[in-house]
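Asks: Dropping in work_38.pdb, with PDB, C-alpha atoms, pLDDT in the B column.
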ATOM      1  CA  PRO A   1       4.330   4.548 -14.004  1.00 49.00           C
ATOM      2  CA  GLY A   2       5.039   0.842 -13.563  1.00 56.00           C
ATOM      3  CA  ARG A   3       8.020  -1.325 -14.403  1.00 59.00           C
ATOM      4  CA  THR A   4       8.619   0.434 -17.730  1.00 57.00           C
ATOM      5  CA  THR A   5       8.372   3.925 -16.112  1.00 58.00           C
ATOM      6  CA  THR A   6       5.988   4.911 -18.949  1.00 62.00           C
ATOM      7  CA  MET A   7       2.702   3.209 -18.039  1.00 64.00           C
ATOM      8  CA  GLN A   8      -0.342   5.372 -17.377  1.00 64.00           C
ATOM      9  CA  PRO A   9      -2.246   6.259 -15.283  1.00 68.00           C
ATOM     10  CA  ALA A  10       0.060   6.386 -12.275  1.00 70.00           C
ATOM     11  CA  HIS A  11      -0.617   3.432  -9.944  1.00 73.00           C
ATOM     12  CA  GLY A  12      -2.724   1.717 -12.591  1.00 78.00           C
ATOM     13  CA  PRO A  13      -6.308   1.847 -13.837  1.00 82.00           C
ATOM     14  CA  ALA A  14      -7.897   0.290 -10.731  1.00 88.00           C
ATOM     15  CA  ARG A  15      -7.029   3.342  -8.632  1.00 85.00           C
ATOM     16  CA  LEU A  16      -9.292   5.652 -10.661  1.00 85.00           C
ATOM     17  CA  ALA A  17     -12.096   3.206 -11.456  1.00 92.00           C
ATOM     18  CA  THR A  18     -15.509   2.846  -9.823  1.00 95.00           C
ATOM     19  CA  TRP A  19     -15.714  -0.618  -8.261  1.00 97.00           C
ATOM     20  CA  ALA A  20     -19.020  -2.517  -8.110  1.00 98.00           C
ATOM     21  CA  PHE A  21     -20.310  -3.081  -4.570  1.00 98.00           C
ATOM     22  CA  LEU A  22     -21.060  -6.780  -4.028  1.00 98.00           C
ATOM     23  CA  GLY A  23     -22.673  -6.430  -0.608  1.00 98.00           C
ATOM     24  CA  GLU A  24     -21.671  -6.876   3.005  1.00 97.00           C
ATOM     25  CA  THR A  25     -21.846  -9.577   5.662  1.00 97.00           C
ATOM     26  CA  SER A  26     -21.496  -9.485   9.445  1.00 96.00           C
ATOM     27  CA  HIS A  27     -19.783 -12.018  11.704  1.00 91.00           C
ATOM     28  CA  GLY A  28     -20.066 -11.095  15.349  1.00 91.00           C
ATOM     29  CA  ALA A  29     -18.610  -7.621  15.809  1.00 93.00           C
ATOM     30  CA  ALA A  30     -16.948  -7.591  12.376  1.00 96.00           C
ATOM     31  CA  THR A  31     -18.432  -6.487   9.049  1.00 98.00           C
ATOM     32  CA  THR A  32     -17.005  -7.368   5.621  1.00 98.00           C
ATOM     33  CA  ALA A  33     -17.722  -5.384   2.445  1.00 98.00           C
ATOM     34  CA  ARG A  34     -16.789  -6.743  -0.999  1.00 98.00           C
ATOM     35  CA  TYR A  35     -16.096  -4.900  -4.267  1.00 98.00           C
ATOM     36  CA  ARG A  36     -15.339  -6.085  -7.813  1.00 98.00           C
ATOM     37  CA  LEU A  37     -13.589  -4.685 -10.893  1.00 98.00           C
ATOM     38  CA  THR A  38     -12.631  -6.297 -14.222  1.00 97.00           C
ATOM     39  CA  SER A  39     -10.234  -5.436 -17.025  1.00 95.00           C
ATOM     40  CA  ASP A  40     -13.200  -4.953 -19.369  1.00 95.00           C
ATOM     41  CA  GLU A  41     -14.480  -2.095 -17.233  1.00 95.00           C
ATOM     42  CA  VAL A  42     -11.220  -0.152 -17.461  1.00 92.00           C
ATOM     43  CA  ALA A  43     -10.168  -1.264 -20.978  1.00 88.00           C
ATOM     44  CA  ASP A  44      -6.822  -2.523 -19.673  1.00 87.00           C
ATOM     45  CA  PRO A  45      -4.536  -3.472 -22.587  1.00 86.00           C
ATOM     46  CA  GLN A  46      -2.184  -5.413 -20.297  1.00 86.00           C
ATOM     47  CA  GLY A  47      -4.443  -8.466 -20.030  1.00 92.00           C
ATOM     48  CA  ASP A  48      -7.724  -9.950 -18.851  1.00 95.00           C
ATOM     49  CA  TRP A  49      -8.395 -10.060 -15.119  1.00 96.00           C
ATOM     50  CA  GLU A  50     -10.939  -9.829 -12.337  1.00 98.00           C
ATOM     51  CA  ALA A  51     -10.189  -8.162  -8.994  1.00 98.00           C
ATOM     52  CA  VAL A  52     -12.184  -8.611  -5.786  1.00 98.00           C
ATOM     53  CA  TYR A  53     -11.441  -6.305  -2.846  1.00 98.00           C
ATOM     54  CA  GLU A  54     -12.599  -7.219   0.659  1.00 98.00           C
ATOM     55  CA  VAL A  55     -12.613  -4.827   3.600  1.00 98.00           C
ATOM     56  CA  ARG A  56     -13.229  -6.364   7.027  1.00 98.00           C
ATOM     57  CA  VAL A  57     -13.834  -3.920   9.870  1.00 98.00           C
ATOM     58  CA  GLY A  58     -13.755  -5.163  13.458  1.00 96.00           C
ATOM     59  CA  ALA A  59     -11.252  -5.173  16.293  1.00 95.00           C
ATOM     60  CA  GLU A  60      -8.696  -4.833  13.507  1.00 97.00           C
ATOM     61  CA  LEU A  61      -8.918  -3.728   9.878  1.00 98.00           C
ATOM     62  CA  GLU A  62      -8.249  -6.406   7.268  1.00 98.00           C
ATOM     63  CA  LEU A  63      -7.815  -5.576   3.576  1.00 98.00           C
ATOM     64  CA  ALA A  64      -7.596  -8.306   0.925  1.00 98.00           C
ATOM     65  CA  LEU A  65      -7.184  -7.910  -2.830  1.00 98.00           C
ATOM     66  CA  THR A  66      -7.606 -11.045  -4.954  1.00 98.00           C
ATOM     67  CA  VAL A  67      -6.723 -10.856  -8.654  1.00 98.00           C
ATOM     68  CA  SER A  68      -7.617 -13.660 -11.043  1.00 98.00           C
ATOM     69  CA  ALA A  69      -6.320 -14.141 -14.598  1.00 98.00           C
ATOM     70  CA  THR A  70      -9.419 -14.582 -16.766  1.00 97.00           C
ATOM     71  CA  GLY A  71      -7.796 -14.619 -20.205  1.00 96.00           C
ATOM     72  CA  SER A  72      -5.976 -17.294 -22.185  1.00 97.00           C
ATOM     73  CA  GLU A  73      -2.464 -15.865 -21.722  1.00 95.00           C
ATOM     74  CA  LEU A  74      -0.018 -15.270 -18.879  1.00 96.00           C
ATOM     75  CA  PHE A  75      -0.936 -12.109 -16.970  1.00 95.00           C
ATOM     76  CA  SER A  76       1.647 -10.055 -15.085  1.00 95.00           C
ATOM     77  CA  TYR A  77       0.789  -7.098 -12.848  1.00 94.00           C
ATOM     78  CA  GLU A  78       1.970  -4.945  -9.958  1.00 95.00           C
ATOM     79  CA  GLU A  79      -0.141  -4.206  -6.903  1.00 96.00           C
ATOM     80  CA  ALA A  80      -0.094  -2.088  -3.754  1.00 96.00           C
ATOM     81  CA  LEU A  81      -2.543  -1.495  -0.938  1.00 96.00           C
ATOM     82  CA  HIS A  82      -2.095   2.250  -0.490  1.00 93.00           C
ATOM     83  CA  THR A  83      -2.635   2.441   3.257  1.00 94.00           C
ATOM     84  CA  TYR A  84      -2.791   6.058   4.411  1.00 96.00           C
ATOM     85  CA  LEU A  85      -2.292   6.138   8.176  1.00 98.00           C
ATOM     86  CA  ALA A  86      -3.317   9.165  10.233  1.00 98.00           C
ATOM     87  CA  VAL A  87      -0.528  10.238  12.590  1.00 98.00           C
ATOM     88  CA  GLY A  88      -0.160  13.139  15.002  1.00 98.00           C
ATOM     89  CA  ASP A  89       3.106  14.420  13.515  1.00 98.00           C
ATOM     90  CA  VAL A  90       5.087  12.319  11.054  1.00 98.00           C
ATOM     91  CA  ARG A  91       8.299  14.052  12.186  1.00 98.00           C
ATOM     92  CA  GLN A  92       7.918  12.395  15.606  1.00 98.00           C
ATOM     93  CA  VAL A  93       6.893   8.946  14.374  1.00 98.00           C
ATOM     94  CA  GLU A  94       9.149   5.893  14.610  1.00 98.00           C
ATOM     95  CA  VAL A  95       8.764   2.966  12.180  1.00 98.00           C
ATOM     96  CA  LEU A  96       9.965  -0.376  13.552  1.00 98.00           C
ATOM     97  CA  GLY A  97      10.372  -3.767  11.913  1.00 98.00           C
ATOM     98  CA  LEU A  98      12.484  -2.816   8.883  1.00 98.00           C
ATOM     99  CA  ASP A  99      15.948  -2.905  10.467  1.00 98.00           C
ATOM    100  CA  GLY A 100      18.356  -4.750   8.174  1.00 98.00           C
ATOM    101  CA  ALA A 101      16.022  -4.752   5.168  1.00 98.00           C
ATOM    102  CA  SER A 102      17.382  -3.602   1.820  1.00 98.00           C
ATOM    103  CA  TYR A 103      15.370  -1.019  -0.078  1.00 98.00           C
ATOM    104  CA  LEU A 104      15.108   1.000  -3.271  1.00 97.00           C
ATOM    105  CA  ASP A 105      15.140   4.714  -2.432  1.00 98.00           C
ATOM    106  CA  LYS A 106      12.936   6.342  -5.078  1.00 95.00           C
ATOM    107  CA  ALA A 107      13.317   9.776  -3.477  1.00 96.00           C
ATOM    108  CA  ARG A 108      17.074   9.498  -4.088  1.00 95.00           C
ATOM    109  CA  GLY A 109      17.018   8.497  -7.734  1.00 94.00           C
ATOM    110  CA  GLY A 110      16.477   4.767  -7.185  1.00 94.00           C
ATOM    111  CA  ALA A 111      19.593   4.141  -5.101  1.00 96.00           C
ATOM    112  CA  ASP A 112      19.894   0.858  -3.205  1.00 97.00           C
ATOM    113  CA  ALA A 113      20.406   1.027   0.555  1.00 98.00           C
ATOM    114  CA  VAL A 114      19.943  -0.966   3.760  1.00 98.00           C
ATOM    115  CA  GLN A 115      17.854   0.181   6.716  1.00 98.00           C
ATOM    116  CA  SER A 116      19.836   0.615   9.913  1.00 98.00           C
ATOM    117  CA  GLY A 117      17.778   0.733  13.084  1.00 98.00           C
ATOM    118  CA  VAL A 118      14.524   2.639  13.503  1.00 98.00           C
ATOM    119  CA  LEU A 119      13.151   4.591  10.517  1.00 98.00           C
ATOM    120  CA  ARG A 120      12.375   8.251  11.211  1.00 98.00           C
ATOM    121  CA  ILE A 121      10.812  10.550   8.616  1.00 98.00           C
ATOM    122  CA  THR A 122      12.989  13.633   8.136  1.00 98.00           C
ATOM    123  CA  ALA A 123      12.480  14.430   4.433  1.00 98.00           C
ATOM    124  CA  GLU A 124      10.550  13.203   1.402  1.00 98.00           C
ATOM    125  CA  THR A 125      10.390   9.425   1.808  1.00 98.00           C
ATOM    126  CA  ASP A 126       9.558   6.917  -0.935  1.00 98.00           C
ATOM    127  CA  ARG A 127      11.185   3.572  -0.202  1.00 98.00           C
ATOM    128  CA  VAL A 128      10.458   0.070  -1.508  1.00 98.00           C
ATOM    129  CA  TYR A 129      11.656  -2.289   1.222  1.00 98.00           C
ATOM    130  CA  ARG A 130      12.333  -5.934   0.389  1.00 98.00           C
ATOM    131  CA  SER A 131      10.580  -7.136   3.515  1.00 98.00           C
ATOM    132  CA  THR A 132       7.666  -9.334   4.579  1.00 98.00           C
ATOM    133  CA  ALA A 133       7.970  -8.475   8.291  1.00 98.00           C
ATOM    134  CA  GLU A 134       5.347  -6.897  10.536  1.00 98.00           C
ATOM    135  CA  VAL A 135       5.800  -3.143  10.859  1.00 98.00           C
ATOM    136  CA  GLU A 136       5.013  -0.956  13.879  1.00 98.00           C
ATOM    137  CA  VAL A 137       4.321   2.760  13.601  1.00 98.00           C
ATOM    138  CA  VAL A 138       4.888   4.355  17.002  1.00 98.00           C
ATOM    139  CA  ASP A 139       3.016   7.664  17.249  1.00 98.00           C
ATOM    140  CA  PRO A 140       3.776   9.549  20.499  1.00 98.00           C
ATOM    141  CA  VAL A 141       1.582  12.542  19.610  1.00 98.00           C
ATOM    142  CA  LEU A 142      -1.596  10.453  19.358  1.00 98.00           C
ATOM    143  CA  GLY A 143      -0.340   8.043  22.034  1.00 98.00           C
ATOM    144  CA  ARG A 144      -0.739   4.897  19.990  1.00 98.00           C
ATOM    145  CA  ARG A 145       1.043   2.124  18.144  1.00 98.00           C
ATOM    146  CA  ILE A 146      -0.197   0.917  14.742  1.00 98.00           C
ATOM    147  CA  ARG A 147       0.758  -2.667  13.852  1.00 98.00           C
ATOM    148  CA  LEU A 148       0.672  -3.764  10.198  1.00 98.00           C
ATOM    149  CA  SER A 149       1.101  -7.396   9.159  1.00 98.00           C
ATOM    150  CA  LYS A 150       0.591  -8.882   5.710  1.00 98.00           C
ATOM    151  CA  GLU A 151       0.433 -11.981   3.517  1.00 98.00           C
ATOM    152  CA  GLY A 152       1.149 -12.446  -0.180  1.00 98.00           C
ATOM    153  CA  SER A 153       3.375  -9.358  -0.338  1.00 98.00           C
ATOM    154  CA  ALA A 154       7.137  -9.380  -0.941  1.00 98.00           C
ATOM    155  CA  GLN A 155       7.727  -5.662  -0.374  1.00 98.00           C
ATOM    156  CA  THR A 156       6.752  -2.824   1.956  1.00 98.00           C
ATOM    157  CA  VAL A 157       6.562   0.754   0.719  1.00 98.00           C
ATOM    158  CA  VAL A 158       6.952   3.660   3.155  1.00 98.00           C
ATOM    159  CA  TRP A 159       5.895   7.020   1.709  1.00 98.00           C
ATOM    160  CA  ASN A 160       5.499  10.628   2.791  1.00 98.00           C
ATOM    161  CA  PRO A 161       5.715  13.485   0.262  1.00 97.00           C
ATOM    162  CA  TRP A 162       7.100  16.105   2.673  1.00 98.00           C
ATOM    163  CA  VAL A 163       6.830  19.820   1.819  1.00 97.00           C
ATOM    164  CA  ASP A 164       7.733  20.338  -1.849  1.00 96.00           C
ATOM    165  CA  LYS A 165       6.166  17.140  -3.200  1.00 95.00           C
ATOM    166  CA  ALA A 166       2.917  17.854  -1.342  1.00 96.00           C
ATOM    167  CA  ARG A 167       2.737  21.305  -2.920  1.00 96.00           C
ATOM    168  CA  ALA A 168       3.312  19.831  -6.394  1.00 95.00           C
ATOM    169  CA  MET A 169       0.497  17.256  -6.106  1.00 93.00           C
ATOM    170  CA  PRO A 170      -2.904  18.563  -7.256  1.00 92.00           C
ATOM    171  CA  ASP A 171      -4.845  15.994  -5.215  1.00 89.00           C
ATOM    172  CA  PHE A 172      -2.884  16.428  -1.970  1.00 92.00           C
ATOM    173  CA  GLY A 173      -3.245  19.382   0.406  1.00 95.00           C
ATOM    174  CA  ASP A 174      -0.137  21.507   0.908  1.00 96.00           C
ATOM    175  CA  ASP A 175      -0.391  21.174   4.680  1.00 95.00           C
ATOM    176  CA  GLU A 176      -1.531  17.534   4.925  1.00 97.00           C
ATOM    177  CA  TRP A 177       1.853  15.783   4.880  1.00 98.00           C
ATOM    178  CA  PRO A 178       2.622  16.048   8.653  1.00 98.00           C
ATOM    179  CA  GLN A 179      -0.517  14.091   9.570  1.00 98.00           C
ATOM    180  CA  MET A 180      -0.058  11.044   7.313  1.00 98.00           C
ATOM    181  CA  LEU A 181       2.236   8.151   6.539  1.00 98.00           C
ATOM    182  CA  CYS A 182       1.790   5.344   4.007  1.00 98.00           C
ATOM    183  CA  VAL A 183       2.959   1.837   4.926  1.00 98.00           C
ATOM    184  CA  GLU A 184       1.893  -0.325   1.995  1.00 98.00           C
ATOM    185  CA  ALA A 185       1.797  -4.046   1.191  1.00 98.00           C
ATOM    186  CA  VAL A 186       3.294  -4.258  -2.298  1.00 98.00           C
ATOM    187  CA  ASN A 187       4.351  -6.560  -5.140  1.00 97.00           C
ATOM    188  CA  ALA A 188       6.095  -4.412  -7.737  1.00 95.00           C
ATOM    189  CA  LEU A 189       9.141  -4.050  -9.998  1.00 93.00           C
ATOM    190  CA  ASP A 190      11.072  -7.358  -9.863  1.00 94.00           C
ATOM    191  CA  GLN A 191       8.395  -8.794  -7.547  1.00 96.00           C
ATOM    192  CA  ALA A 192       5.472  -8.289  -9.941  1.00 96.00           C
ATOM    193  CA  VAL A 193       2.916 -11.111  -9.826  1.00 97.00           C
ATOM    194  CA  GLU A 194       2.604 -13.524 -12.752  1.00 97.00           C
ATOM    195  CA  LEU A 195      -0.561 -15.592 -13.167  1.00 98.00           C
ATOM    196  CA  ALA A 196      -1.253 -18.389 -15.620  1.00 98.00           C
ATOM    197  CA  PRO A 197      -4.793 -18.522 -17.042  1.00 98.00           C
ATOM    198  CA  GLY A 198      -7.215 -19.406 -14.242  1.00 98.00           C
ATOM    199  CA  GLN A 199      -4.781 -18.651 -11.425  1.00 98.00           C
ATOM    200  CA  SER A 200      -5.429 -16.168  -8.605  1.00 98.00           C
ATOM    201  CA  HIS A 201      -3.301 -14.287  -6.094  1.00 98.00           C
ATOM    202  CA  THR A 202      -4.312 -12.564  -2.845  1.00 98.00           C
ATOM    203  CA  VAL A 203      -2.438  -9.822  -1.023  1.00 98.00           C
ATOM    204  CA  ARG A 204      -3.700  -9.202   2.492  1.00 98.00           C
ATOM    205  CA  GLN A 205      -2.922  -6.573   5.125  1.00 98.00           C
ATOM    206  CA  ARG A 206      -4.062  -6.445   8.752  1.00 98.00           C
ATOM    207  CA  ILE A 207      -3.966  -3.245  10.775  1.00 98.00           C
ATOM    208  CA  ARG A 208      -4.563  -2.930  14.501  1.00 98.00           C
ATOM    209  CA  VAL A 209      -4.178  -0.017  16.884  1.00 98.00           C
ATOM    210  CA  GLU A 210      -2.853  -0.242  20.438  1.00 98.00           C
ATOM    211  CA  THR A 211      -2.473   2.373  23.162  1.00 97.00           C
ATOM    212  CA  LEU A 212       1.111   3.271  24.014  1.00 93.00           C
TER     213      LEU A 212
END
Kindly return the structure encoded in the file as structure tokens.
Replies:
Amino acid sequence: PGRTTTMQPAHGPARLATWAFLGETSHGAATTARYRLTSDEVADPQGDWEAVYEVRVGAELELALTVSATGSELFSYEEALHTYLAVGDVRQVEVLGLDGASYLDKARGGADAVQSGVLRITAETDRVYRSTAEVEVVDPVLGRRIRLSKEGSAQTVVWNPWVDKARAMPDFGDDEWPQMLCVEAVNALDQAVELAPGQSHTVRQRIRVETL
């Protein structure tokens, strides 16, 4: 519900909108698809903007969201690339790269904490890490390591709903939580982006998979 905790819909209007397909291009073994959405198309009262989303599929997956302020006033917004990773069993996964980072623990009422060592998922997890570091998701069940790096993002969200939250979500299967983990590139809360008229900002995430 955003910085004010009252904004609707959850995660913003772009999540539920139909984006216009701008076409695709190929460069060697990689293909890039581009999509566009504007504030006019979702009747966003927060300001005037244009968003272009690029998805590049090749040896690695690259996601880039560029937002431009198209109005005559300062535009402030939050953003997150909601990256759902398939894992063999989230209870056996290890998340590396966040050691020493402070975080807001939304599953514990918004308490502040500091990560100590490797992150293991043992309950509902919804943490906003103040980190720009590369993250590794080590998945022994599927025998692979997923590496996530990013640019233009001040925070990393790690999310898994666990049992009760999964059952309470109408668009999430009751038994789907063990096979997924979100590791998201984010600018939210006190790290929301502010753009002057005509300015743009890009958040970018790169994902690659390696065999253990």
Asks: Need the neighbours of (12.6, -5.8, 0.9): which residues are at most 8 Å away, counting all atoms listed in the file, as a list in words?
Replies: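 So the residues meeting the distance criterion are Ala101, Ser102, Tyr103, Val128, Tyr129, Arg130, Ser131, Thr132, Ala154, Gln155 and Thr156 of chain A.
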Asks: Write out the residues from the selection above, keeping C-alpha atoms, as a compact mmCIF listing (two decimals), keeping the file's coordinate frame.
Replies:
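Result file is result_26.txt:
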# COMPACT_ATOMS: atom_id res chain seq x y z
CA ALA A 101 16.02 -4.75 5.17
CA SER A 102 17.38 -3.60 1.82
CA TYR A 103 15.37 -1.02 -0.08
CA VAL A 128 10.46 0.07 -1.51
CA TYR A 129 11.66 -2.29 1.22
CA ARG A 130 12.33 -5.93 0.39
CA SER A 131 10.58 -7.14 3.52
CA THR A 132 7.67 -9.33 4.58
CA ALA A 154 7.14 -9.38 -0.94
CA GLN A 155 7.73 -5.66 -0.37
CA THR A 156 6.75 -2.82 1.96
Asks: Expand the PyMOL selection byres ((chain A and resi 181-185) around 8) into the explicit residue set it covers here, and present it as a PyMOL selection string.
Replies: chain A and resi 80-87+90+150+153-160+177+179-180+186-187+203-205
Asks: For Val95 of chain A, which residue among A:Ala168, A:Ile146, A:Ala188, A:Leu16 is the nearest when counting all atoms listed in the file?
Replies: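 Using all atoms listed in the file, Val95 of chain A sits closest to A:Ile146.
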Asks: Could you state the separation of atom CA of Thr66 of chain A and atom CA of Asp171 of chain A in Å, given to one decimal place?
Replies: 27.2 Å
Asks: Can you work out the spacing between atom CA of Ala29 of chain A and atom CA of Leu65 of chain A in Å, to one decimal?
Replies: 21.9 Å
Asks: When the PyMOL selection byres ((chain A and resi 54) around 7) is applied to the file above, which residues end up in the set, as a VMD selection string?
Replies: chain A and resid 32 to 35 52 to 53 55 to 56 63 to 65
Asks: Please write the residues from the selection above to a file, keeping C-alpha atoms, as a short mmCIF file (atom, residue, chain, number, x, y, z; two decimals), keeping the file's coordinate frame.
Replies:
data_model
loop_
_atom_site.label_atom_id
_atom_site.label_comp_id
_atom_site.auth_asym_id
_atom_site.auth_seq_id
_atom_site.Cartn_x
_atom_site.Cartn_y
_atom_site.Cartn_z
CA THR A 32 -17.00 -7.37 5.62
CA ALA A 33 -17.72 -5.38 2.44
CA ARG A 34 -16.79 -6.74 -1.00
CA TYR A 35 -16.10 -4.90 -4.27
CA VAL A 52 -12.18 -8.61 -5.79
CA TYR A 53 -11.44 -6.30 -2.85
CA VAL A 55 -12.61 -4.83 3.60
CA ARG A 56 -13.23 -6.36 7.03
CA LEU A 63 -7.82 -5.58 3.58
CA ALA A 64 -7.60 -8.31 0.92
CA LEU A 65 -7.18 -7.91 -2.83
#
Asks: From the set A:Pro178, A:Gly58, A:Gly47, A:Gly12, which residue has the shortest atom-to-atom contact distance to Ala123 of chain A, counting only C-alpha atoms?
Replies: A:Pro178
Asks: Quote the spacing between atom CA of Arg36 of chain A and atom CA of Ala51 of chain A in Å to one decimal place.
Replies: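 That distance, rounded to one decimal, is 5.7 Å.
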Asks: Excluding Ala192 of chain A and residues on its chain fewer than 2 positions from it, collect all residues at most 7 Å away from it, counting only C-alpha atoms, and give them as an NGL selection string.
Replies: :A and (76-78 or 187-190 or 194)
Asks: Taking all atoms listed in the file into account, which of A:Ala10, A:Ala113, A:Ala196, A:Val141 comes nearest Asp89 of chain A?
Replies: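 The closest residue to Asp89 of chain A is A:Val141.
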Asks: Go through A:Glu60, A:Glu24, A:Asp175, A:Glu73 and flag the residue nearest Glu210 of chain A, using only C-alpha atoms for the distances.
Replies: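 Closest candidate: A:Glu60.
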Asks: Report the residues retrieved by the PyMOL selection byres ((chain A and resi 117-121) around 6) from the displayed file, expressed as a list of chain:residue names.
Replies: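 Written out, the selection comes to A:Arg91, A:Glu94, A:Val95, A:Leu96, A:Asp99, A:Ser116, A:Thr122, A:Ala123.
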